[in-house]
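target_22.csv follows; it contains CSV, C-alpha atoms.
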```csv
chain,number,residue,atom,x,y,z
A,1402,MET,CA,0.0,0.0,0.0
A,1403,PRO,CA,1.1,3.6,-0.5
A,1404,ARG,CA,2.6,4.8,2.8
A,1405,GLY,CA,3.3,8.2,4.3
A,1406,ILE,CA,0.7,10.1,2.3
A,1407,ASP,CA,-0.4,13.2,4.3
A,1408,LEU,CA,-4.2,13.1,4.5
A,1409,HIS,CA,-6.3,15.7,6.2
A,1410,ILE,CA,-7.9,13.9,9.1
A,1411,PRO,CA,-8.2,16.8,11.7
A,1412,PHE,CA,-9.4,14.7,14.6
A,1413,PRO,CA,-7.3,13.5,17.7
A,1414,CYS,CA,-5.7,10.1,17.7
A,1415,ARG,CA,-7.5,7.9,20.4
A,1416,ILE,CA,-7.3,4.3,21.4
A,1417,SER,CA,-8.9,2.2,24.2
A,1418,ARG,CA,-6.9,1.7,27.3
A,1419,ASP,CA,-8.0,-2.0,27.1
A,1420,VAL,CA,-6.4,-2.7,23.7
A,1421,ASP,CA,-3.6,-4.9,25.0
A,1422,ARG,CA,-6.1,-7.3,26.7
A,1423,ALA,CA,-8.4,-7.3,23.7
A,1424,ARG,CA,-5.4,-8.0,21.4
A,1425,ASP,CA,-4.2,-11.0,23.5
A,1426,GLN,CA,-7.5,-12.8,23.2
A,1427,HIS,CA,-9.0,-11.6,19.9
A,1428,LEU,CA,-8.5,-14.9,18.1
A,1429,HIS,CA,-10.7,-16.8,20.4
A,1430,TRP,CA,-14.0,-15.7,18.9
A,1431,PRO,CA,-13.3,-16.3,15.2
A,1432,ARG,CA,-11.7,-19.6,16.1
A,1433,SER,CA,-14.7,-20.7,18.2
A,1434,HIS,CA,-16.9,-20.2,15.1
A,1435,GLY,CA,-14.6,-22.0,12.7
A,1436,LEU,CA,-13.6,-18.8,10.8
A,1437,LEU,CA,-9.8,-19.4,11.2
A,1438,ASP,CA,-9.1,-22.9,9.9
A,1439,SER,CA,-5.3,-22.9,10.0
A,1440,GLU,CA,-2.3,-21.4,11.7
A,1441,GLU,CA,-1.6,-19.4,8.5
A,1442,ALA,CA,-5.1,-17.9,8.6
A,1443,ALA,CA,-4.6,-17.0,12.2
A,1444,ARG,CA,-1.2,-15.4,11.5
A,1445,ARG,CA,-2.7,-13.3,8.7
A,1446,HIS,CA,-5.6,-12.3,11.0
A,1447,THR,CA,-3.2,-11.3,13.8
A,1448,GLY,CA,-1.1,-9.3,11.4
A,1449,ALA,CA,-4.0,-7.2,10.3
A,1450,ARG,CA,-4.4,-5.9,13.8
A,1451,TYR,CA,-8.2,-5.9,14.0
A,1452,ALA,CA,-8.2,-5.5,17.8
A,1453,GLU,CA,-6.3,-2.2,17.3
A,1454,LEU,CA,-8.9,-1.1,14.7
A,1455,ALA,CA,-11.7,-1.7,17.1
A,1456,ALA,CA,-9.9,0.0,19.9
A,1457,ARG,CA,-9.6,3.1,17.7
A,1458,PHE,CA,-13.2,3.0,16.5
A,1459,TYR,CA,-14.4,2.6,20.1
A,1460,PRO,CA,-11.8,4.4,22.1
A,1461,ASP,CA,-13.9,4.5,25.3
A,1462,ALA,CA,-14.8,0.8,25.2
A,1463,VAL,CA,-13.4,-1.8,27.6
A,1464,GLY,CA,-14.1,-5.4,28.5
A,1465,ASP,CA,-17.0,-7.2,26.8
A,1466,ASP,CA,-18.0,-4.0,24.9
A,1467,LEU,CA,-14.6,-3.7,23.3
A,1468,ASP,CA,-14.6,-7.4,22.5
A,1469,LEU,CA,-17.9,-7.0,20.6
A,1470,GLY,CA,-16.3,-4.3,18.5
A,1471,VAL,CA,-13.2,-6.5,17.9
A,1472,ASP,CA,-15.5,-9.4,16.8
A,1473,LEU,CA,-17.3,-7.0,14.4
A,1474,MET,CA,-14.0,-6.1,12.8
A,1475,SER,CA,-12.9,-9.7,12.6
A,1476,TRP,CA,-16.2,-10.7,10.9
A,1477,PHE,CA,-16.2,-7.8,8.5
A,1478,PHE,CA,-12.8,-8.6,7.0
A,1479,LEU,CA,-13.1,-12.4,7.1
A,1480,PHE,CA,-16.5,-12.1,5.3
A,1481,ASP,CA,-15.1,-9.6,2.8
A,1482,ASP,CA,-12.3,-12.0,1.9
A,1483,MET,CA,-14.8,-14.6,0.9
A,1484,PHE,CA,-15.6,-12.4,-2.2
A,1485,ASP,CA,-12.0,-12.5,-3.5
A,1486,GLY,CA,-12.9,-15.9,-5.1
A,1487,PRO,CA,-15.9,-17.1,-7.2
A,1488,GLU,CA,-18.5,-15.5,-5.0
A,1489,GLY,CA,-17.1,-12.1,-6.0
A,1490,GLU,CA,-17.4,-12.8,-9.7
A,1491,ASP,CA,-20.8,-14.6,-9.8
A,1492,PRO,CA,-23.8,-12.5,-8.8
A,1493,ALA,CA,-25.9,-15.7,-8.1
A,1494,ARG,CA,-23.3,-17.1,-5.7
A,1495,ALA,CA,-22.8,-13.7,-4.1
A,1496,ARG,CA,-26.6,-13.4,-3.6
A,1497,ALA,CA,-26.8,-16.8,-2.1
A,1498,LEU,CA,-24.1,-16.0,0.4
A,1499,VAL,CA,-25.4,-12.6,1.5
A,1500,GLU,CA,-29.0,-13.8,1.8
A,1501,SER,CA,-27.9,-16.6,4.1
A,1502,VAL,CA,-26.4,-13.9,6.4
A,1503,ALA,CA,-29.3,-11.5,6.0
A,1504,ARG,CA,-31.8,-14.2,7.1
A,1505,VAL,CA,-30.4,-14.3,10.6
A,1506,LEU,CA,-31.2,-10.6,11.1
A,1507,GLY,CA,-34.8,-11.9,11.7
A,1508,ARG,CA,-34.0,-15.2,13.4
A,1509,PRO,CA,-31.1,-17.0,15.2
A,1510,ALA,CA,-28.8,-19.1,13.0
A,1511,ALA,CA,-29.4,-22.8,12.8
A,1512,PRO,CA,-26.7,-25.4,13.6
A,1513,SER,CA,-26.7,-26.3,9.9
A,1514,ASP,CA,-25.8,-22.8,8.8
A,1515,ALA,CA,-22.3,-22.0,7.6
A,1516,PRO,CA,-19.8,-20.8,10.2
A,1517,VAL,CA,-19.8,-17.2,8.8
A,1518,VAL,CA,-23.6,-17.1,9.3
A,1519,ARG,CA,-23.5,-18.6,12.8
A,1520,ALA,CA,-20.8,-16.1,13.8
A,1521,PHE,CA,-22.8,-13.2,12.4
A,1522,SER,CA,-25.9,-14.4,14.3
A,1523,ASP,CA,-24.0,-14.4,17.5
A,1524,MET,CA,-22.6,-11.0,16.9
A,1525,TRP,CA,-26.0,-9.6,15.9
A,1526,GLN,CA,-27.8,-11.0,19.0
A,1527,ARG,CA,-25.1,-9.4,21.2
A,1528,SER,CA,-25.4,-6.1,19.3
A,1529,CYS,CA,-29.1,-5.9,19.9
A,1530,ASP,CA,-28.8,-6.5,23.7
A,1531,GLY,CA,-30.4,-3.6,25.5
A,1532,MET,CA,-31.2,-1.6,22.4
A,1533,SER,CA,-34.7,-0.4,21.3
A,1534,PRO,CA,-36.7,-2.0,18.6
A,1535,GLN,CA,-36.2,1.2,16.5
A,1536,TRP,CA,-32.5,0.9,16.8
A,1537,CYS,CA,-32.6,-2.8,15.9
A,1538,HIS,CA,-34.7,-2.1,12.8
A,1539,ARG,CA,-32.4,0.7,11.6
A,1540,ALA,CA,-29.3,-1.3,12.2
A,1541,ALA,CA,-30.7,-4.3,10.4
A,1542,GLU,CA,-31.5,-2.2,7.4
A,1543,HIS,CA,-28.0,-0.9,7.3
A,1544,TRP,CA,-26.7,-4.5,7.4
A,1545,ARG,CA,-29.0,-5.5,4.5
A,1546,THR,CA,-27.8,-2.5,2.4
A,1547,TYR,CA,-24.2,-3.4,3.2
A,1548,LEU,CA,-24.7,-7.0,2.2
A,1549,SER,CA,-26.6,-6.2,-1.1
A,1550,GLY,CA,-23.6,-4.2,-2.3
A,1551,TYR,CA,-21.6,-7.4,-2.8
A,1552,VAL,CA,-24.2,-8.6,-5.3
A,1553,ILE,CA,-24.0,-5.3,-7.2
A,1554,GLU,CA,-20.2,-5.4,-7.3
A,1555,ALA,CA,-20.2,-9.0,-8.5
A,1556,ARG,CA,-22.6,-8.0,-11.3
A,1557,HIS,CA,-20.2,-5.2,-12.3
A,1558,ARG,CA,-17.2,-7.6,-12.3
A,1559,GLN,CA,-19.1,-10.1,-14.4
A,1560,ARG,CA,-20.0,-7.5,-17.0
A,1561,GLY,CA,-16.6,-5.7,-16.8
A,1562,LEU,CA,-18.3,-2.5,-15.9
A,1563,MET,CA,-16.1,0.1,-14.1
A,1564,PRO,CA,-18.3,2.6,-12.3
A,1565,THR,CA,-18.0,6.3,-12.6
A,1566,VAL,CA,-16.5,8.2,-9.7
A,1567,GLU,CA,-20.0,9.3,-8.6
A,1568,GLU,CA,-21.4,5.8,-8.9
A,1569,HIS,CA,-18.5,4.3,-6.9
A,1570,LEU,CA,-18.8,6.7,-4.0
A,1571,LEU,CA,-22.6,6.3,-3.9
A,1572,LEU,CA,-22.3,2.5,-3.8
A,1573,ARG,CA,-19.3,2.3,-1.4
A,1574,ARG,CA,-20.9,4.9,0.9
A,1575,GLU,CA,-23.5,2.3,1.7
A,1576,THR,CA,-21.3,-0.8,1.6
A,1577,ILE,CA,-17.9,0.3,3.2
A,1578,GLY,CA,-19.4,-0.8,6.5
A,1579,VAL,CA,-19.3,2.5,8.3
A,1580,TYR,CA,-23.0,2.6,9.0
A,1581,PRO,CA,-23.1,-0.7,10.9
A,1582,THR,CA,-19.9,0.2,12.6
A,1583,VAL,CA,-21.2,3.5,14.0
A,1584,ASP,CA,-24.6,1.9,14.8
A,1585,LEU,CA,-22.5,-0.4,17.1
A,1586,ALA,CA,-21.0,2.7,18.7
A,1587,GLU,CA,-24.4,3.4,20.2
A,1588,ARG,CA,-24.7,-0.1,21.5
A,1589,ILE,CA,-21.2,-0.1,22.9
A,1590,GLY,CA,-21.7,3.3,24.4
A,1591,ARG,CA,-25.1,2.5,25.8
A,1592,PHE,CA,-26.8,5.5,24.1
A,1593,GLU,CA,-29.3,6.0,21.2
A,1594,VAL,CA,-29.8,9.0,19.0
A,1595,PRO,CA,-33.5,9.9,18.8
A,1596,GLU,CA,-34.7,8.4,15.5
A,1597,HIS,CA,-36.2,11.7,14.2
A,1598,VAL,CA,-32.9,13.4,14.9
A,1599,TYR,CA,-30.9,10.6,13.3
A,1600,ALA,CA,-32.9,11.1,10.1
A,1601,ASP,CA,-32.2,14.9,10.0
A,1602,GLY,CA,-30.4,15.9,6.8
A,1603,ARG,CA,-27.5,17.5,8.7
A,1604,LEU,CA,-26.7,14.3,10.7
A,1605,THR,CA,-27.2,12.3,7.5
A,1606,ALA,CA,-24.7,14.4,5.7
A,1607,MET,CA,-22.1,13.8,8.5
A,1608,ARG,CA,-22.7,10.1,8.2
A,1609,HIS,CA,-22.2,10.2,4.4
A,1610,ILE,CA,-19.0,12.2,4.9
A,1611,ALA,CA,-17.5,9.6,7.3
A,1612,ALA,CA,-18.4,6.8,5.0
A,1613,GLU,CA,-16.9,8.5,2.0
A,1614,VAL,CA,-13.7,9.5,3.8
A,1615,ASP,CA,-13.2,5.9,4.8
A,1616,THR,CA,-14.0,4.7,1.3
A,1617,ILE,CA,-11.4,7.1,-0.3
A,1618,HIS,CA,-8.8,6.2,2.3
A,1619,ASN,CA,-9.5,2.4,1.9
A,1620,ASP,CA,-9.1,2.6,-1.8
A,1621,LEU,CA,-5.8,4.5,-1.5
A,1622,CYS,CA,-4.5,1.8,0.9
A,1623,SER,CA,-5.7,-1.2,-1.1
A,1624,VAL,CA,-4.9,0.0,-4.7
A,1625,GLU,CA,-1.8,-2.2,-5.2
A,1626,LYS,CA,-3.5,-5.3,-3.9
A,1627,GLU,CA,-6.7,-4.7,-5.8
A,1628,GLU,CA,-4.9,-3.7,-9.0
A,1629,ALA,CA,-2.9,-7.0,-8.9
A,1630,ARG,CA,-6.0,-9.1,-8.9
A,1631,GLY,CA,-7.8,-7.0,-11.6
A,1632,GLU,CA,-10.3,-5.3,-9.2
A,1633,ILE,CA,-12.4,-2.5,-10.8
A,1634,HIS,CA,-14.0,-1.1,-7.6
A,1635,ASN,CA,-11.2,1.2,-6.5
A,1636,LEU,CA,-11.4,5.0,-6.7
A,1637,LEU,CA,-7.8,5.6,-7.6
A,1638,LEU,CA,-8.0,3.2,-10.6
A,1639,ILE,CA,-11.3,4.7,-11.6
A,1640,LEU,CA,-9.8,8.2,-11.5
A,1641,GLU,CA,-6.8,7.1,-13.6
A,1642,ARG,CA,-9.1,5.6,-16.3
A,1643,ARG,CA,-12.0,7.9,-16.3
A,1644,ARG,CA,-10.1,11.1,-16.1
A,1645,ARG,CA,-7.0,9.9,-17.9
A,1646,CYS,CA,-4.7,11.2,-15.1
A,1647,THR,CA,-1.4,9.9,-13.7
A,1648,ARG,CA,-1.3,8.0,-10.4
A,1649,ALA,CA,0.2,11.0,-8.7
A,1650,GLU,CA,-2.6,13.2,-10.0
A,1651,ALA,CA,-5.2,10.6,-8.8
A,1652,VAL,CA,-3.6,10.5,-5.3
A,1653,GLU,CA,-3.7,14.3,-5.1
A,1654,GLU,CA,-7.3,14.4,-6.1
A,1655,MET,CA,-8.2,11.8,-3.4
A,1656,ARG,CA,-6.3,13.9,-0.9
A,1657,ARG,CA,-8.4,16.9,-2.0
A,1658,MET,CA,-11.6,15.0,-1.7
A,1659,ILE,CA,-10.8,13.9,1.8
A,1660,ARG,CA,-9.9,17.5,2.8
A,1661,SER,CA,-13.0,19.0,1.5
A,1662,ARG,CA,-15.2,16.4,3.2
A,1663,THR,CA,-13.5,16.7,6.6
A,1664,GLU,CA,-13.7,20.5,6.5
A,1665,ARG,CA,-17.4,20.2,5.7
A,1666,PHE,CA,-17.8,17.8,8.6
A,1667,LEU,CA,-16.4,20.3,11.0
A,1668,VAL,CA,-18.8,22.9,9.8
A,1669,LEU,CA,-21.7,20.6,10.3
A,1670,GLU,CA,-20.5,19.5,13.7
A,1671,ALA,CA,-20.3,23.1,14.8
A,1672,GLY,CA,-24.0,23.4,13.9
A,1673,LEU,CA,-25.0,20.5,16.2
A,1674,PRO,CA,-26.1,22.8,19.1
A,1675,GLY,CA,-28.4,24.6,16.6
A,1676,LEU,CA,-29.7,21.2,15.4
A,1677,CYS,CA,-30.6,20.2,18.9
A,1678,ASP,CA,-32.2,23.6,19.5
A,1679,SER,CA,-34.4,23.1,16.4
A,1680,TYR,CA,-35.8,19.8,17.9
A,1681,ARG,CA,-36.1,21.3,21.4
A,1682,LEU,CA,-34.0,18.5,22.8
A,1683,ALA,CA,-33.5,18.3,26.6
A,1684,GLU,CA,-29.9,18.1,27.8
A,1685,ALA,CA,-30.1,14.4,28.2
A,1686,GLN,CA,-31.2,14.0,24.6
A,1687,ARG,CA,-28.4,16.2,23.3
A,1688,VAL,CA,-25.6,14.1,24.8
A,1689,PRO,CA,-26.3,11.1,22.4
A,1690,VAL,CA,-26.2,13.4,19.4
A,1691,HIS,CA,-22.8,14.7,20.3
A,1692,ARG,CA,-21.5,11.2,21.2
A,1693,PHE,CA,-22.7,10.0,17.8
A,1694,ALA,CA,-20.8,12.8,16.1
A,1695,ASP,CA,-17.7,11.7,18.1
A,1696,SER,CA,-18.2,8.1,16.9
A,1697,LEU,CA,-18.0,9.4,13.3
A,1698,ARG,CA,-14.8,11.2,14.1
A,1699,SER,CA,-13.4,8.0,15.5
A,1700,ALA,CA,-14.4,6.1,12.4
A,1701,MET,CA,-12.4,8.5,10.2
A,1702,ARG,CA,-9.4,8.9,12.4
A,1703,GLY,CA,-9.3,5.4,13.6
A,1704,ASP,CA,-9.2,3.9,10.1
A,1705,TYR,CA,-6.4,6.3,9.2
A,1706,ASP,CA,-4.2,5.5,12.2
A,1707,TRP,CA,-4.8,1.8,11.9
A,1708,ALA,CA,-4.1,1.3,8.2
A,1709,GLU,CA,-0.4,2.0,8.1
A,1710,GLN,CA,0.2,-0.4,11.0
A,1711,SER,CA,-1.9,-3.2,9.6
A,1712,GLY,CA,-0.8,-6.1,7.4
A,1713,ARG,CA,-4.3,-6.0,5.8
A,1714,TYR,CA,-3.1,-4.3,2.6
A,1715,ALA,CA,0.2,-6.0,2.2
A,1716,THR,CA,1.1,-7.2,-1.3
A,1717,GLU,CA,3.5,-10.0,-2.4
A,1718,LYS,CA,6.2,-7.4,-2.3
A,1719,THR,CA,5.8,-6.8,1.4
A,1720,PRO,CA,8.0,-9.1,3.6
A,1721,ARG,CA,6.0,-11.3,5.9
A,1722,GLU,CA,8.0,-10.0,8.9
A,1723,GLN,CA,6.6,-6.5,8.2
A,1724,GLU,CA,3.0,-7.8,8.4
A,1725,THR,CA,3.4,-9.0,11.9
A,1726,ALA,CA,6.0,-6.6,13.3
A,1727,PRO,CA,4.9,-5.0,16.6
```
As structure tokens:
Amino acid sequence: MPRGIDLHIPFPCRISRDVDRARDQHLHWPRSHGLLDSEEAARRHTGARYAELAARFYPDAVGDDLDLGVDLMSWFFLFDDMFDGPEGEDPARARALVESVARVLGRPAAPSDAPVVRAFSDMWQRSCDGMSPQWCHRAAEHWRTYLSGYVIEARHRQRGLMPTVEEHLLLRRETIGVYPTVDLAERIGRFEVPEHVYADGRLTAMRHIAAEVDTIHNDLCSVEKEEARGEIHNLLLILERRRRCTRAEAVEEMRRMIRSRTERFLVLEAGLPGLCDSYRLAEAQRVPVHRFADSLRSAMRGDYDWAEQSGRYATEKTPREQETAP
């Protein structure tokens, strides 16, 4: 992955004080569900540092709450890797896989379900613990949208269709995984944003920005790996082809896109007191709104701080020792 590129992520670097404990035991959950079937798979999983990613996304979480965040990150990336093979090229196979996962949003997994489905069911049940029916409905819809994106991407690959910049950002905004991730911030933090406030256009715009910033950054980190396997869903590659620019020019455009979005986020965040005033929220109702905005900050900054330490985006040119170096 390209390293040392100065991006504009103007939020403080934070990490949970419980990260060392979470790191030491983070392999237990995916192993218990049969998601890591070899020592090589476990080594790769450890090198990706998903415990650190969760500790940055949920910097106030400790104990079981942080472990739930770690398990979410483990599941996200292990599931995503399943689409590097035939499931990612065949829309019918992609649909069968995502529908098997989506079904357990409405019922617990059966013993006969695949390991990835049973693991998701366990994570989903824990995520809903103590949350309102409204939150559970909203979070389930975000998961369904996320999952459906794999089918759309498989269809694009099958047809050889490279999306436009706008199409790519619109699709990836829904499927990068930021919305389920920040939904979980409410569960981990034991708060809920009032649903009518959550739907406000200003808060919606802030969520879109966080998802797009993580999309742009992810595509920058993964470009070498994805280019090597012929991937078409990468913003840098799309910019190069659609706008006929050099790699350096494409990188600079992505830096500009991140800067403009984070600056807009800060403007919207400064307006949150006025948003709360417009809904006549009591003080106790205002706190969750500001905590949710903070979770969006953590999603952007946490992804940025984690990526250069992680072995997730290592290519064949990266020494294995670098992937697992402390």
Between A:Met1658, A:Ala1462, A:Ala1510, A:Ala1520, which residue has the minimum interatomic distance to Pro1431 (chain A), considering only C-alpha atoms? A:Ala1520
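Comparing the minimum interatomic distances between Val1583 (chain A) and each of A:Ala1708, A:Ala1611, A:Val1517, A:Leu1667, counting only C-alpha atoms, we find that A:Ala1611 sits nearest.
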Return as a tab-separated table the residues of region 1525-1589 of chain A lying at most 12 Å from region 1631-1645 of chain A, together with the closest atom-to-atom pair for each and the distance in Å to one decimal, counting only C-alpha atoms, with rows in chain order and ascending residue number.
```
residue	atom	partner	partner_atom	distance
A:Gly1550	CA	A:His1634	CA	11.4
A:Tyr1551	CA	A:His1634	CA	11.0
A:Ile1553	CA	A:His1634	CA	10.9
A:Glu1554	CA	A:His1634	CA	7.6
A:Ala1555	CA	A:His1634	CA	10.1
A:Arg1556	CA	A:Ile1633	CA	11.6
A:His1557	CA	A:Ile1633	CA	8.4
A:Arg1558	CA	A:Ile1633	CA	7.2
A:Gln1559	CA	A:Ile1633	CA	10.8
A:Arg1560	CA	A:Ile1633	CA	11.0
A:Gly1561	CA	A:Ile1633	CA	8.0
A:Leu1562	CA	A:Ile1633	CA	7.8
A:Met1563	CA	A:Ile1633	CA	5.6
A:Pro1564	CA	A:Ile1639	CA	7.3
A:Thr1565	CA	A:Ile1639	CA	7.0
A:Val1566	CA	A:Ile1639	CA	6.5
A:Glu1567	CA	A:Leu1636	CA	9.8
A:Glu1568	CA	A:His1634	CA	10.2
A:His1569	CA	A:His1634	CA	7.1
A:Leu1570	CA	A:Leu1636	CA	8.1
A:Leu1571	CA	A:Leu1636	CA	11.6
A:Leu1572	CA	A:His1634	CA	9.8
A:Arg1573	CA	A:His1634	CA	8.8
A:Thr1576	CA	A:His1634	CA	11.7
A:Ile1577	CA	A:His1634	CA	11.6
```
Selection to disk with C-alpha atoms, as a compact mmCIF listing (two decimals), keeping the file's coordinate frame:
```txt
# COMPACT_ATOMS: atom_id res chain seq x y z
CA GLY A 1550 -23.60 -4.20 -2.30
CA TYR A 1551 -21.60 -7.40 -2.80
CA ILE A 1553 -24.00 -5.30 -7.20
CA GLU A 1554 -20.20 -5.40 -7.30
CA ALA A 1555 -20.20 -9.00 -8.50
CA ARG A 1556 -22.60 -8.00 -11.30
CA HIS A 1557 -20.20 -5.20 -12.30
CA ARG A 1558 -17.20 -7.60 -12.30
CA GLN A 1559 -19.10 -10.10 -14.40
CA ARG A 1560 -20.00 -7.50 -17.00
CA GLY A 1561 -16.60 -5.70 -16.80
CA LEU A 1562 -18.30 -2.50 -15.90
CA MET A 1563 -16.10 0.10 -14.10
CA PRO A 1564 -18.30 2.60 -12.30
CA THR A 1565 -18.00 6.30 -12.60
CA VAL A 1566 -16.50 8.20 -9.70
CA GLU A 1567 -20.00 9.30 -8.60
CA GLU A 1568 -21.40 5.80 -8.90
CA HIS A 1569 -18.50 4.30 -6.90
CA LEU A 1570 -18.80 6.70 -4.00
CA LEU A 1571 -22.60 6.30 -3.90
CA LEU A 1572 -22.30 2.50 -3.80
CA ARG A 1573 -19.30 2.30 -1.40
CA THR A 1576 -21.30 -0.80 1.60
CA ILE A 1577 -17.90 0.30 3.20
```
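Comparing A:Leu1408, A:Ala1423, A:Val1499, A:Ile1589 by their smallest distance to Asp1466 (chain A), the closest is A:Ile1589 (using only C-alpha atoms).
With all atoms listed in the file as the basis for measurement, A:His1618 is the residue among A:Gly1672, A:Asp1485, A:His1618, A:Ser1623 that approaches Arg1657 (chain A) most closely.
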Nearest candidate to Ser1533 (chain A) (options A:Gly1590, A:Pro1581, A:Pro1595, A:Gly1486; using all atoms listed in the file): A:Pro1595
Would you list the contacts of Arg1445 (chain A) as a PyMOL selection string, taking every protein, DNA or RNA residue within 9 Å and counting all atoms listed in the file, but skipping same-chain residues closer than 2 positions in sequence? chain A and resi 1440-1443+1447-1449+1712-1713+1724-1725
With only C-alpha atoms as the atoms that count, which of A:Arg1494, A:Arg1687, A:Arg1702, A:His1409 lies nearest to Ala1456 (chain A)? A:Arg1702
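Between CA of Asp1601 (chain A) and CA of Gly1675 (chain A) the separation is 12.3 Å.
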State, in Å with one decimal place, the distance from CA of Leu1697 (chain A) to CA of Asp1461 (chain A). 13.6 Å
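For the pair CA of Ser1417 (chain A) and CA of Met1524 (chain A), the separation is 20.4 Å.
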Write region 1502-1508 of chain A as a PDB file, in the coordinates of the input, completed to all heavy atoms.
```
ATOM      1  N   VAL A1502     -26.712 -14.782   5.209  1.00  0.00           N
ATOM      2  CA  VAL A1502     -26.400 -13.900   6.400  1.00  0.00           C
ATOM      3  C   VAL A1502     -27.553 -13.054   6.729  1.00  0.00           C
ATOM      4  O   VAL A1502     -27.910 -12.941   7.908  1.00  0.00           O
ATOM      5  CB  VAL A1502     -25.129 -13.088   6.047  1.00  0.00           C
ATOM      6  CG1 VAL A1502     -24.864 -12.094   7.179  1.00  0.00           C
ATOM      7  CG2 VAL A1502     -23.910 -13.966   5.828  1.00  0.00           C
ATOM      8  N   ALA A1503     -28.187 -12.437   5.756  1.00  0.00           N
ATOM      9  CA  ALA A1503     -29.300 -11.500   6.000  1.00  0.00           C
ATOM     10  C   ALA A1503     -30.447 -12.188   6.737  1.00  0.00           C
ATOM     11  O   ALA A1503     -31.164 -11.554   7.525  1.00  0.00           O
ATOM     12  CB  ALA A1503     -29.756 -10.860   4.733  1.00  0.00           C
ATOM     13  N   ARG A1504     -30.646 -13.472   6.485  1.00  0.00           N
ATOM     14  CA  ARG A1504     -31.800 -14.200   7.100  1.00  0.00           C
ATOM     15  C   ARG A1504     -31.698 -14.161   8.626  1.00  0.00           C
ATOM     16  O   ARG A1504     -32.731 -14.130   9.301  1.00  0.00           O
ATOM     17  CB  ARG A1504     -31.853 -15.612   6.598  1.00  0.00           C
ATOM     18  CG  ARG A1504     -32.572 -15.749   5.265  1.00  0.00           C
ATOM     19  CD  ARG A1504     -32.931 -17.204   4.989  1.00  0.00           C
ATOM     20  NE  ARG A1504     -31.759 -18.036   4.764  1.00  0.00           N
ATOM     21  CZ  ARG A1504     -31.185 -18.218   3.580  1.00  0.00           C
ATOM     22  NH1 ARG A1504     -31.684 -17.618   2.506  1.00  0.00           N
ATOM     23  NH2 ARG A1504     -30.123 -18.988   3.448  1.00  0.00           N
ATOM     24  N   VAL A1505     -30.478 -14.184   9.174  1.00  0.00           N
ATOM     25  CA  VAL A1505     -30.400 -14.300  10.600  1.00  0.00           C
ATOM     26  C   VAL A1505     -30.572 -12.912  11.298  1.00  0.00           C
ATOM     27  O   VAL A1505     -30.527 -12.821  12.530  1.00  0.00           O
ATOM     28  CB  VAL A1505     -29.046 -14.915  11.082  1.00  0.00           C
ATOM     29  CG1 VAL A1505     -28.911 -16.303  10.487  1.00  0.00           C
ATOM     30  CG2 VAL A1505     -27.851 -14.054  10.747  1.00  0.00           C
ATOM     31  N   LEU A1506     -30.824 -11.875  10.520  1.00  0.00           N
ATOM     32  CA  LEU A1506     -31.200 -10.600  11.100  1.00  0.00           C
ATOM     33  C   LEU A1506     -32.650 -10.722  11.684  1.00  0.00           C
ATOM     34  O   LEU A1506     -33.059  -9.912  12.515  1.00  0.00           O
ATOM     35  CB  LEU A1506     -31.194  -9.481  10.079  1.00  0.00           C
ATOM     36  CG  LEU A1506     -29.792  -9.069   9.626  1.00  0.00           C
ATOM     37  CD1 LEU A1506     -29.870  -8.218   8.358  1.00  0.00           C
ATOM     38  CD2 LEU A1506     -29.069  -8.295  10.739  1.00  0.00           C
ATOM     39  N   GLY A1507     -33.391 -11.740  11.210  1.00  0.00           N
ATOM     40  CA  GLY A1507     -34.800 -11.900  11.700  1.00  0.00           C
ATOM     41  C   GLY A1507     -34.945 -13.162  12.560  1.00  0.00           C
ATOM     42  O   GLY A1507     -35.996 -13.326  13.186  1.00  0.00           O
ATOM     43  N   ARG A1508     -33.945 -14.023  12.620  1.00  0.00           N
ATOM     44  CA  ARG A1508     -34.000 -15.200  13.400  1.00  0.00           C
ATOM     45  C   ARG A1508     -32.635 -15.719  13.768  1.00  0.00           C
ATOM     46  O   ARG A1508     -31.690 -15.436  13.026  1.00  0.00           O
ATOM     47  CB  ARG A1508     -34.785 -16.343  12.706  1.00  0.00           C
ATOM     48  CG  ARG A1508     -34.107 -16.745  11.384  1.00  0.00           C
ATOM     49  CD  ARG A1508     -34.413 -18.169  11.002  1.00  0.00           C
ATOM     50  NE  ARG A1508     -33.797 -18.542   9.730  1.00  0.00           N
ATOM     51  CZ  ARG A1508     -32.541 -18.985   9.611  1.00  0.00           C
ATOM     52  NH1 ARG A1508     -31.761 -19.061  10.676  1.00  0.00           N
ATOM     53  NH2 ARG A1508     -32.052 -19.331   8.423  1.00  0.00           N
TER      54      ARG A1508
END
```
